[in-house]
file start.csv (CSV, C-alpha atoms)
chain,number,residue,atom,x,y,z
A,1,MET,CA,23.0,-26.2,2.5
A,2,ASN,CA,22.9,-22.4,2.7
A,3,ASP,CA,19.8,-22.4,0.5
A,4,PHE,CA,18.1,-24.9,2.8
A,5,LEU,CA,18.9,-22.8,5.9
A,6,ALA,CA,17.6,-19.7,4.1
A,7,TRP,CA,14.4,-21.7,3.3
A,8,LEU,CA,14.1,-22.7,7.0
A,9,LYS,CA,14.3,-19.1,8.1
A,10,GLY,CA,11.0,-18.5,6.2
A,11,PHE,CA,9.3,-20.4,9.0
A,12,VAL,CA,10.5,-17.8,11.6
A,13,PRO,CA,7.6,-15.2,12.0
A,14,ALA,CA,8.4,-11.7,11.1
A,15,PRO,CA,7.6,-9.0,13.7
A,16,ILE,CA,4.2,-7.4,13.3
A,17,LEU,CA,4.7,-3.7,12.9
A,18,ALA,CA,1.8,-2.5,14.9
A,19,ALA,CA,1.8,-0.1,17.9
A,20,ARG,CA,0.8,-1.4,21.3
A,21,ARG,CA,-2.4,0.7,21.1
A,22,GLU,CA,-3.4,-1.0,17.8
A,23,LYS,CA,-2.9,-4.5,19.3
A,24,ILE,CA,-5.0,-3.6,22.3
A,25,VAL,CA,-7.7,-2.0,20.2
A,26,ALA,CA,-7.8,-5.0,17.9
A,27,GLY,CA,-8.5,-7.4,20.8
A,28,ILE,CA,-11.1,-5.1,22.4
A,29,GLY,CA,-12.7,-4.5,19.0
A,30,ALA,CA,-13.0,-8.2,18.2
A,31,CYS,CA,-14.5,-8.9,21.6
A,32,VAL,CA,-17.0,-6.0,21.3
A,33,GLY,CA,-17.8,-6.8,17.6
A,34,LEU,CA,-18.4,-10.5,18.2
A,35,LEU,CA,-20.5,-9.9,21.3
A,36,MET,CA,-22.7,-7.3,19.4
A,37,ALA,CA,-23.1,-9.5,16.4
A,38,GLN,CA,-24.0,-12.6,18.5
A,39,TRP,CA,-26.4,-10.6,20.6
A,40,LEU,CA,-28.2,-9.2,17.5
A,41,SER,CA,-28.2,-12.6,15.9
A,42,HIS,CA,-29.6,-14.3,19.0
A,43,THR,CA,-32.2,-11.6,19.3
A,44,VAL,CA,-33.4,-12.1,15.7
A,45,PHE,CA,-33.2,-15.9,15.6
A,46,GLY,CA,-33.7,-16.9,19.1
A,47,GLU,CA,-32.7,-20.5,19.6
A,48,ILE,CA,-32.7,-21.4,15.9
A,49,ASN,CA,-29.6,-23.5,15.3
A,50,PRO,CA,-27.2,-22.4,14.0
A,51,TRP,CA,-27.8,-18.7,14.8
A,52,PHE,CA,-24.0,-17.8,14.6
A,53,ILE,CA,-21.2,-19.4,12.7
A,54,ALA,CA,-17.5,-19.8,13.6
A,55,PRO,CA,-16.0,-18.3,10.5
A,56,LEU,CA,-17.1,-14.9,11.7
A,57,GLY,CA,-14.3,-15.1,14.2
A,58,ALA,CA,-11.8,-15.0,11.4
A,59,SER,CA,-13.7,-12.1,9.8
A,60,ALA,CA,-13.4,-10.3,13.2
A,61,VAL,CA,-9.6,-10.6,13.0
A,62,LEU,CA,-9.6,-8.7,9.7
A,63,LEU,CA,-12.2,-6.1,10.5
A,64,PHE,CA,-10.7,-5.1,13.9
A,65,ALA,CA,-7.0,-6.0,13.6
A,66,ALA,CA,-6.4,-5.1,10.0
A,67,PRO,CA,-9.2,-2.7,8.9
A,68,ALA,CA,-7.0,-1.1,6.3
A,69,SER,CA,-6.6,-4.4,4.4
A,70,PRO,CA,-8.4,-4.8,1.1
A,71,LEU,CA,-9.6,-8.1,2.5
A,72,ALA,CA,-11.4,-6.4,5.3
A,73,GLN,CA,-13.5,-3.9,3.4
A,74,PRO,CA,-17.4,-4.0,3.5
A,75,TRP,CA,-17.8,-5.6,0.1
A,76,SER,CA,-15.1,-8.2,1.0
A,77,ILE,CA,-17.0,-9.5,4.0
A,78,ILE,CA,-20.5,-9.3,2.6
A,79,GLY,CA,-19.8,-10.4,-0.9
A,80,GLY,CA,-17.1,-12.9,0.1
A,81,ASN,CA,-19.1,-14.7,2.7
A,82,ILE,CA,-22.4,-14.7,0.7
A,83,VAL,CA,-20.8,-16.0,-2.6
A,84,SER,CA,-18.9,-18.6,-0.6
A,85,ALA,CA,-22.0,-19.8,1.2
A,86,LEU,CA,-23.9,-20.1,-2.1
A,87,ILE,CA,-21.1,-22.2,-3.6
A,88,GLY,CA,-20.8,-24.3,-0.5
A,89,VAL,CA,-24.6,-25.1,-0.3
A,90,THR,CA,-24.6,-25.9,-4.0
A,91,CYS,CA,-21.6,-28.3,-3.7
A,92,ALA,CA,-23.2,-30.0,-0.7
A,93,ARG,CA,-26.5,-30.5,-2.5
A,94,TRP,CA,-25.1,-31.8,-5.8
A,95,ILE,CA,-21.9,-33.7,-4.8
A,96,GLU,CA,-22.5,-36.7,-2.5
A,97,ALA,CA,-18.8,-37.3,-1.4
A,98,PRO,CA,-18.1,-34.8,1.4
A,99,PHE,CA,-14.3,-34.7,0.8
A,100,LEU,CA,-14.8,-33.8,-2.9
A,101,ALA,CA,-17.7,-31.4,-2.2
A,102,SER,CA,-15.6,-29.5,0.5
A,103,ALA,CA,-12.5,-29.3,-1.7
A,104,LEU,CA,-14.4,-28.0,-4.7
A,105,ALA,CA,-16.4,-25.6,-2.5
A,106,GLY,CA,-13.2,-24.0,-1.2
A,107,ALA,CA,-11.6,-23.8,-4.6
A,108,LEU,CA,-14.6,-22.4,-6.4
A,109,ALA,CA,-15.2,-19.9,-3.6
A,110,ILE,CA,-11.7,-18.5,-4.0
A,111,ALA,CA,-12.1,-18.3,-7.8
A,112,ALA,CA,-15.5,-16.5,-7.4
A,113,MET,CA,-14.2,-14.1,-4.8
A,114,PHE,CA,-11.3,-13.2,-7.0
A,115,SER,CA,-13.6,-12.6,-10.0
A,116,LEU,CA,-16.1,-10.5,-7.9
A,117,ARG,CA,-13.3,-8.5,-6.2
A,118,CYS,CA,-14.4,-9.6,-2.8
A,119,LEU,CA,-11.6,-11.8,-1.6
A,120,HIS,CA,-12.2,-12.5,2.1
A,121,PRO,CA,-10.2,-15.5,3.6
A,122,PRO,CA,-13.0,-16.5,6.1
A,123,GLY,CA,-15.1,-17.1,3.0
A,124,GLY,CA,-13.3,-20.3,2.5
A,125,ALA,CA,-14.3,-21.4,6.0
A,126,VAL,CA,-17.9,-20.4,5.2
A,127,ALA,CA,-17.9,-22.6,2.1
A,128,LEU,CA,-16.6,-25.6,4.1
A,129,THR,CA,-19.1,-25.0,6.9
A,130,ALA,CA,-21.9,-25.2,4.3
A,131,VAL,CA,-20.6,-28.7,3.4
A,132,LEU,CA,-19.4,-30.1,6.7
A,133,GLY,CA,-21.6,-28.2,9.2
A,134,GLY,CA,-23.7,-31.2,10.0
A,135,PRO,CA,-27.5,-31.8,9.8
A,136,ALA,CA,-28.3,-28.4,11.4
A,137,VAL,CA,-26.6,-26.6,8.5
A,138,THR,CA,-27.4,-28.9,5.6
A,139,SER,CA,-31.1,-29.0,6.5
A,140,LEU,CA,-31.3,-25.2,5.9
A,141,GLY,CA,-30.3,-25.5,2.3
A,142,TYR,CA,-30.0,-22.1,0.6
A,143,GLN,CA,-31.6,-20.4,3.6
A,144,PHE,CA,-28.1,-20.8,5.2
A,145,VAL,CA,-26.9,-18.1,2.8
A,146,ILE,CA,-29.3,-15.6,4.3
A,147,THR,CA,-29.5,-16.8,7.9
A,148,PRO,CA,-27.1,-17.0,9.4
A,149,VAL,CA,-24.3,-16.1,6.9
A,150,ALA,CA,-25.5,-12.8,5.4
A,151,VAL,CA,-27.2,-11.6,8.6
A,152,ASN,CA,-24.2,-12.5,10.7
A,153,SER,CA,-21.8,-10.7,8.3
A,154,ALA,CA,-24.0,-7.6,8.2
A,155,PHE,CA,-24.2,-7.5,12.0
A,156,LEU,CA,-20.4,-7.9,12.4
A,157,LEU,CA,-19.8,-5.2,9.7
A,158,LEU,CA,-22.1,-2.8,11.5
A,159,ALA,CA,-20.1,-3.4,14.7
A,160,ALA,CA,-16.9,-2.7,12.8
A,161,LEU,CA,-18.2,0.5,11.3
A,162,ILE,CA,-19.3,1.8,14.7
A,163,PHE,CA,-16.2,0.7,16.6
A,164,ASN,CA,-13.5,1.8,14.1
A,165,ASN,CA,-15.1,5.1,13.4
A,166,LEU,CA,-15.5,5.9,17.1
A,167,LEU,CA,-11.8,5.4,17.4
A,168,ARG,CA,-11.1,7.5,14.3
A,169,ARG,CA,-9.8,4.6,12.3
A,170,ARG,CA,-10.5,5.1,8.6
A,171,TYR,CA,-13.2,2.4,7.9
A,172,PRO,CA,-14.2,1.8,5.2
A,173,HIS,CA,-10.6,2.4,4.4
A,174,GLN,CA,-10.1,5.2,1.9
A,175,ALA,CA,-6.7,5.3,0.2
A,176,HIS,CA,-4.7,8.5,0.2
A,177,GLN,CA,-5.7,10.8,-2.6
A,178,VAL,CA,-3.4,10.6,-5.6
A,179,GLY,CA,-3.3,12.7,-8.8
A,180,ASN,CA,-2.8,16.3,-9.6
A,181,ARG,CA,-4.9,18.5,-7.4
A,182,HIS,CA,-5.3,21.0,-10.3
A,183,GLY,CA,-7.1,18.4,-12.4
A,184,THR,CA,-4.5,18.3,-15.2
A,185,SER,CA,-2.7,15.3,-16.5
A,186,ASP,CA,0.7,16.3,-15.0
A,187,PRO,CA,2.0,14.1,-12.2
A,188,ARG,CA,2.2,15.5,-8.7
A,189,PRO,CA,5.4,17.4,-8.1
A,190,VAL,CA,6.8,14.7,-5.8
A,191,GLU,CA,6.2,12.2,-8.6
A,192,ARG,CA,8.3,14.0,-11.2
A,193,LEU,CA,11.5,12.8,-9.6
A,194,GLY,CA,12.1,9.3,-8.2
A,195,PHE,CA,9.7,6.4,-8.8
A,196,THR,CA,6.4,6.9,-10.5
A,197,ARG,CA,3.0,5.1,-10.1
A,198,ALA,CA,3.8,3.2,-13.4
A,199,ASP,CA,7.0,1.9,-11.8
A,200,LEU,CA,5.0,0.8,-8.7
A,201,ASP,CA,2.4,-1.0,-10.8
A,202,ALA,CA,5.1,-2.7,-12.9
A,203,ALA,CA,6.9,-3.9,-9.7
A,204,VAL,CA,3.6,-5.2,-8.2
A,205,ARG,CA,2.9,-7.2,-11.4
A,206,ALA,CA,6.4,-8.5,-11.5
A,207,TYR,CA,6.1,-9.6,-7.8
A,208,ASP,CA,3.4,-12.0,-9.1
A,209,GLU,CA,1.9,-12.6,-5.7
A,210,LEU,CA,-1.1,-11.1,-3.9
A,211,ILE,CA,-0.1,-8.2,-1.8
A,212,ASP,CA,-2.4,-7.5,1.1
A,213,VAL,CA,-2.3,-3.7,0.9
A,214,ASN,CA,-4.0,-1.1,-1.3
A,215,GLU,CA,-1.6,0.1,-4.0
A,216,ASP,CA,-2.4,3.7,-3.1
A,217,ASP,CA,-1.4,3.1,0.5
A,218,LEU,CA,1.7,1.3,-0.7
A,219,GLU,CA,2.7,4.3,-2.9
A,220,GLU,CA,2.2,6.6,0.1
A,221,ILE,CA,4.4,4.4,2.3
A,222,PHE,CA,7.1,4.5,-0.4
A,223,ARG,CA,6.8,8.3,-0.7
A,224,GLN,CA,7.2,8.7,3.1
A,225,ALA,CA,10.2,6.3,3.1
A,226,GLU,CA,11.7,8.3,0.3
A,227,LEU,CA,11.3,11.6,2.2
A,228,ARG,CA,12.7,10.1,5.3
A,229,ALA,CA,15.8,8.8,3.4
A,230,TYR,CA,16.3,12.2,1.9
A,231,SER,CA,16.0,13.8,5.3
A,232,ARG,CA,18.7,11.4,6.7
A,233,ARG,CA,21.0,12.1,3.8
A,234,THR,CA,20.7,15.9,3.8
A,235,GLY,CA,20.5,16.5,7.6
A,236,GLU,CA,17.6,18.0,9.4
A,237,ILE,CA,16.9,21.6,8.6
A,238,ARG,CA,14.0,22.7,10.8
A,239,CYS,CA,11.3,25.3,10.5
A,240,GLY,CA,12.8,27.3,13.3
A,241,ASP,CA,16.0,27.7,11.2
A,242,ILE,CA,14.4,29.2,8.1
A,243,MET,CA,11.1,30.8,9.2
A,244,SER,CA,10.4,34.6,9.2
A,245,ARG,CA,10.2,36.0,12.7
A,246,ASP,CA,9.5,39.7,12.2
A,247,LEU,CA,5.9,39.2,11.1
A,248,ILE,CA,3.2,41.4,9.6
A,249,VAL,CA,-0.1,40.2,11.1
A,250,ALA,CA,-3.8,41.0,10.9
A,251,ARG,CA,-6.3,41.6,13.7
A,252,PRO,CA,-9.8,40.2,13.7
A,253,GLU,CA,-11.3,43.7,13.9
A,254,MET,CA,-9.5,45.0,10.8
A,255,THR,CA,-11.3,45.9,7.6
A,256,PRO,CA,-10.6,44.3,4.2
A,257,ALA,CA,-9.2,47.6,3.1
A,258,GLN,CA,-6.7,47.7,5.9
A,259,VAL,CA,-5.6,44.1,5.1
A,260,TRP,CA,-5.3,45.0,1.4
A,261,ASN,CA,-3.0,47.9,2.3
A,262,LEU,CA,-0.8,45.7,4.4
A,263,LEU,CA,-0.6,43.0,1.8
A,264,THR,CA,0.3,45.4,-1.0
A,265,ARG,CA,2.7,47.5,1.0
A,266,HIS,CA,4.7,44.5,2.1
A,267,GLU,CA,4.2,42.5,-1.1
A,268,LEU,CA,2.6,39.6,0.7
A,269,HIS,CA,-0.2,37.1,-0.3
A,270,ALA,CA,-1.5,36.2,3.1
A,271,LEU,CA,-1.5,37.4,6.7
A,272,PRO,CA,-1.9,35.4,9.9
A,273,VAL,CA,-4.7,36.6,12.1
A,274,VAL,CA,-3.8,36.8,15.8
A,275,ASN,CA,-5.6,37.9,19.0
A,276,SER,CA,-4.3,40.2,21.7
A,277,PHE,CA,-2.2,37.3,23.2
A,278,GLN,CA,-0.5,36.6,19.8
A,279,GLY,CA,-2.5,33.4,19.6
A,280,LEU,CA,-3.2,32.3,16.0
A,281,ILE,CA,-6.9,32.3,15.2
A,282,GLY,CA,-7.0,32.3,11.4
A,283,ILE,CA,-5.4,33.4,8.2
A,284,VAL,CA,-6.6,35.9,5.6
A,285,THR,CA,-5.4,35.8,1.9
A,286,LEU,CA,-5.9,37.8,-1.2
A,287,ARG,CA,-8.5,35.3,-2.3
A,288,ASP,CA,-10.5,35.9,0.9
A,289,LEU,CA,-10.7,39.6,0.1
A,290,VAL,CA,-12.5,39.1,-3.2
A,291,ALA,CA,-14.3,35.7,-2.8
A,292,GLY,CA,-18.1,35.9,-3.0
A,293,PRO,CA,-20.4,34.4,-0.4
A,294,ASP,CA,-20.2,30.6,-0.2
A,295,GLY,CA,-17.5,30.5,-2.9
A,296,GLY,CA,-19.7,32.2,-5.4
A,297,ARG,CA,-18.8,34.9,-7.9
A,298,PRO,CA,-15.8,37.0,-6.8
A,299,ARG,CA,-16.5,40.5,-5.6
A,300,LEU,CA,-14.7,43.0,-3.5
A,301,ARG,CA,-15.5,42.8,0.2
A,302,GLY,CA,-17.4,45.7,1.7
A,303,GLN,CA,-18.4,46.1,5.3
A,304,GLU,CA,-17.1,42.8,6.7
A,305,THR,CA,-14.2,42.6,9.1
A,306,VAL,CA,-11.3,40.1,9.0
A,307,ARG,CA,-13.2,38.0,11.5
A,308,ASP,CA,-16.0,37.5,8.9
A,309,ILE,CA,-13.8,36.5,6.0
A,310,MET,CA,-10.7,34.8,7.5
A,311,THR,CA,-10.1,31.0,7.3
A,312,THR,CA,-10.2,29.6,10.8
A,313,ARG,CA,-9.0,26.0,10.0
A,314,VAL,CA,-5.3,26.7,9.4
A,315,GLN,CA,-2.6,24.2,8.5
A,316,THR,CA,0.3,25.0,10.8
A,317,ALA,CA,3.9,23.9,11.5
A,318,LYS,CA,6.0,23.7,14.7
A,319,PRO,CA,9.5,25.1,15.0
A,320,ASP,CA,11.0,21.6,15.3
A,321,ASN,CA,9.3,20.2,12.2
A,322,THR,CA,11.9,19.3,9.5
A,323,VAL,CA,11.5,21.0,6.1
A,324,VAL,CA,11.2,17.6,4.5
A,325,GLU,CA,7.9,17.2,6.4
A,326,LEU,CA,6.7,20.3,4.6
A,327,VAL,CA,7.5,19.2,1.1
A,328,PRO,CA,4.2,17.3,0.5
A,329,LEU,CA,2.2,20.2,1.9
A,330,PHE,CA,3.8,22.8,-0.4
A,331,SER,CA,4.2,20.6,-3.5
A,332,ASP,CA,1.0,18.5,-3.5
A,333,GLU,CA,-1.5,20.2,-1.1
A,334,GLY,CA,-1.0,23.6,-2.6
A,335,PHE,CA,0.0,25.6,0.5
A,336,HIS,CA,2.0,28.7,-0.1
A,337,HIS,CA,2.6,29.7,3.5
A,338,LEU,CA,2.4,28.0,6.8
A,339,PRO,CA,2.2,29.8,10.2
A,340,VAL,CA,4.6,28.3,12.8
A,341,ILE,CA,3.2,28.1,16.3
A,342,ASP,CA,4.5,27.1,19.7
A,343,GLU,CA,3.0,24.6,22.2
A,344,ARG,CA,0.6,27.3,23.3
A,345,ARG,CA,-0.6,28.0,19.8
A,346,ARG,CA,1.1,31.4,19.8
A,347,LEU,CA,2.4,32.6,16.4
A,348,VAL,CA,6.2,32.5,16.3
A,349,GLY,CA,7.0,32.6,12.6
A,350,MET,CA,5.9,32.0,9.0
A,351,VAL,CA,7.4,29.5,6.5
A,352,THR,CA,6.8,30.0,2.7
A,353,GLN,CA,7.5,28.1,-0.4
A,354,SER,CA,10.3,30.6,-1.1
A,355,ASP,CA,11.9,29.8,2.3
A,356,LEU,CA,11.7,26.0,1.6
A,357,VAL,CA,13.3,26.4,-1.9
A,358,ALA,CA,16.1,28.6,-0.6
A,359,ALA,CA,16.8,26.1,2.3
A,360,LEU,CA,17.0,23.1,0.0
A,361,TYR,CA,19.1,25.0,-2.6
A,362,ARG,CA,21.5,26.1,0.1
A,363,LYS,CA,21.8,22.6,1.4
A,364,LYS,CA,22.6,21.3,-2.0
A,365,LEU,CA,25.3,23.9,-2.5
A,366,GLU,CA,26.8,22.8,0.8
A,367,GLU,CA,26.8,19.2,-0.4
A,368,VAL,CA,28.8,20.0,-3.5
A,369,GLY,CA,31.2,22.3,-1.6
A,370,ILE,CA,30.1,25.6,-3.3
A,371,ALA,CA,28.5,27.4,-0.4
A,372,ALA,CA,30.8,28.9,2.2
call {"tool": "encode", "arguments": {"input": "start.csv", "output": "structure tokens"}}
result
Amino acid sequence: MNDFLAWLKGFVPAPILAARREKIVAGIGACVGLLMAQWLSHTVFGEINPWFIAPLGASAVLLFAAPASPLAQPWSIIGGNIVSALIGVTCARWIEAPFLASALAGALAIAAMFSLRCLHPPGGAVALTAVLGGPAVTSLGYQFVITPVAVNSAFLLLAALIFNNLLRRRYPHQAHQVGNRHGTSDPRPVERLGFTRADLDAAVRAYDELIDVNEDDLEEIFRQAELRAYSRRTGEIRCGDIMSRDLIVARPEMTPAQVWNLLTRHELHALPVVNSFQGLIGIVTLRDLVAGPDGGRPRLRGQETVRDIMTTRVQTAKPDNTVVELVPLFSDEGFHHLPVIDERRRLVGMVTQSDLVAALYRKKLEEVGIAA
């Protein structure tokens, strides 16, 4: 009885973990995308029937509501719909019984999409449309593959590319970069403890069902969950607790020689660059002092000022950021120091790798009862 009740619970829909903004954007995107695709199709085909096909509505759900899904990527919609249309037209032409032709069309379309790595659920509907779409569809023969299927798919994809990128959604979806940034075979620092990519791959294979998420994204989600769990267990140490406050800074009008003297005198590797209001405008490092133009052959800087050589796009932290949030930046992204700024972008501190290591070490000592 308990097993039966547990089975029945499977019919209860799980909550969709999407922000309200994403739900609104998905609806607006589908409306805009379908309108644009239909208008383009009608402009090209006029009153030719059919000039737009219903399965594109299902494609719109994926492209605008789940653009990160592997099933919603450009090759999925173009390849999936075209190969399904080809199979559907072929089955309709060579198999007289509609019920058998439609069943085989759906099955073969799924198999082909798996093989060609373009699985797209609306492709199944495209295959059935080719068989059961009526005289207006069957009379087109293989022309149905090009117009309307391929053209409709291309127009809808164009709308998705424009809409999603205007809203700064990653589309085509690019998974988070993995691997060692130094180009060596060692795993990333965060992968040397805890689960590895091999563990994740083995778990996905053992799950033995299709998971509608890119494995790189899945790994990143697990990493973030792992860091959040660690933060919960160890308490929240914040940047404001560990940052240096008495700072050595550079001014944009300084010369490289003046910066070099400051760096060597205080045994530092980088200096934040601030304006007269203590606002952060850049950072200058030892590498900046010797790097050649456009990343060319290193040379000592001559007549330039700090304004000419500093890095203006600076990764920063806020005083209330937890140190756990900084771990990926220091361990995987290669940062050695992060300026800490307030809400007005004024420099209030610096956090370094040494500060992070010392904080985590101190916390561990406290956990085992060694530290006072």
call {"tool": "closest_residue", "arguments": {"input": "start.csv", "among": "A:Ala111, A:Ala150, A:Leu356, A:Ile16", "to": "Ser331 in chain A", "atoms": "all atoms listed in the file"}}
result
A:Leu356
call {"tool": "closest_atom_pairs", "arguments": {"input": "start.csv", "of": "range 93-156 of chain A", "to": "range 54-67 of chain A", "cutoff": "9 Å", "atoms": "only C-alpha atoms", "output": "Markdown table"}}
result
| residue | atom | partner | partner_atom | distance |
| --- | --- | --- | --- | --- |
| A:His120 | CA | A:Ser59 | CA | 7.9 |
| A:Pro121 | CA | A:Ser59 | CA | 7.9 |
| A:Pro122 | CA | A:Pro55 | CA | 5.6 |
| A:Gly123 | CA | A:Pro55 | CA | 7.6 |
| A:Gly124 | CA | A:Pro55 | CA | 8.7 |
| A:Ala125 | CA | A:Pro55 | CA | 5.7 |
| A:Val126 | CA | A:Pro55 | CA | 6.0 |
| A:Thr129 | CA | A:Pro55 | CA | 8.2 |
| A:Val149 | CA | A:Leu56 | CA | 8.7 |
| A:Asn152 | CA | A:Leu56 | CA | 7.6 |
| A:Ser153 | CA | A:Leu56 | CA | 7.2 |
| A:Leu156 | CA | A:Ala60 | CA | 7.4 |
call {"tool": "atom_distance", "arguments": {"input": "start.csv", "atom1": "CA of Gln224 in chain A", "atom2": "CA of Arg313 in chain A"}}
result
24.7 Å
call {"tool": "atom_distance", "arguments": {"input": "start.csv", "atom1": "CA of Ala37 in chain A", "atom2": "CA of Tyr171 in chain A"}}
result
17.7 Å
call {"tool": "residues_around", "arguments": {"input": "start.csv", "residues": "Gly106 in chain A", "least_positions_apart": "4", "cutoff": "7 Å", "atoms": "only C-alpha atoms", "output": "list of chain:residue names"}}
result
A:Ser102, A:Ile110, A:Gly124, A:Ala127, A:Leu128
call {"tool": "write_last_selection", "arguments": {"input": "start.csv", "atoms": "C-alpha atoms", "output": "short mmCIF file (atom, residue, chain, number, x, y, z; two decimals), keeping the file's coordinate frame"}}
result
data_model
loop_
_atom_site.label_atom_id
_atom_site.label_comp_id
_atom_site.auth_asym_id
_atom_site.auth_seq_id
_atom_site.Cartn_x
_atom_site.Cartn_y
_atom_site.Cartn_z
CA SER A 102 -15.60 -29.50 0.50
CA ILE A 110 -11.70 -18.50 -4.00
CA GLY A 124 -13.30 -20.30 2.50
CA ALA A 127 -17.90 -22.60 2.10
CA LEU A 128 -16.60 -25.60 4.10
#
call {"tool": "closest_residue", "arguments": {"input": "start.csv", "among": "A:Gln174, A:Leu71, A:Val284, A:Gly334", "to": "Asp217 in chain A", "atoms": "only C-alpha atoms"}}
result
A:Gln174
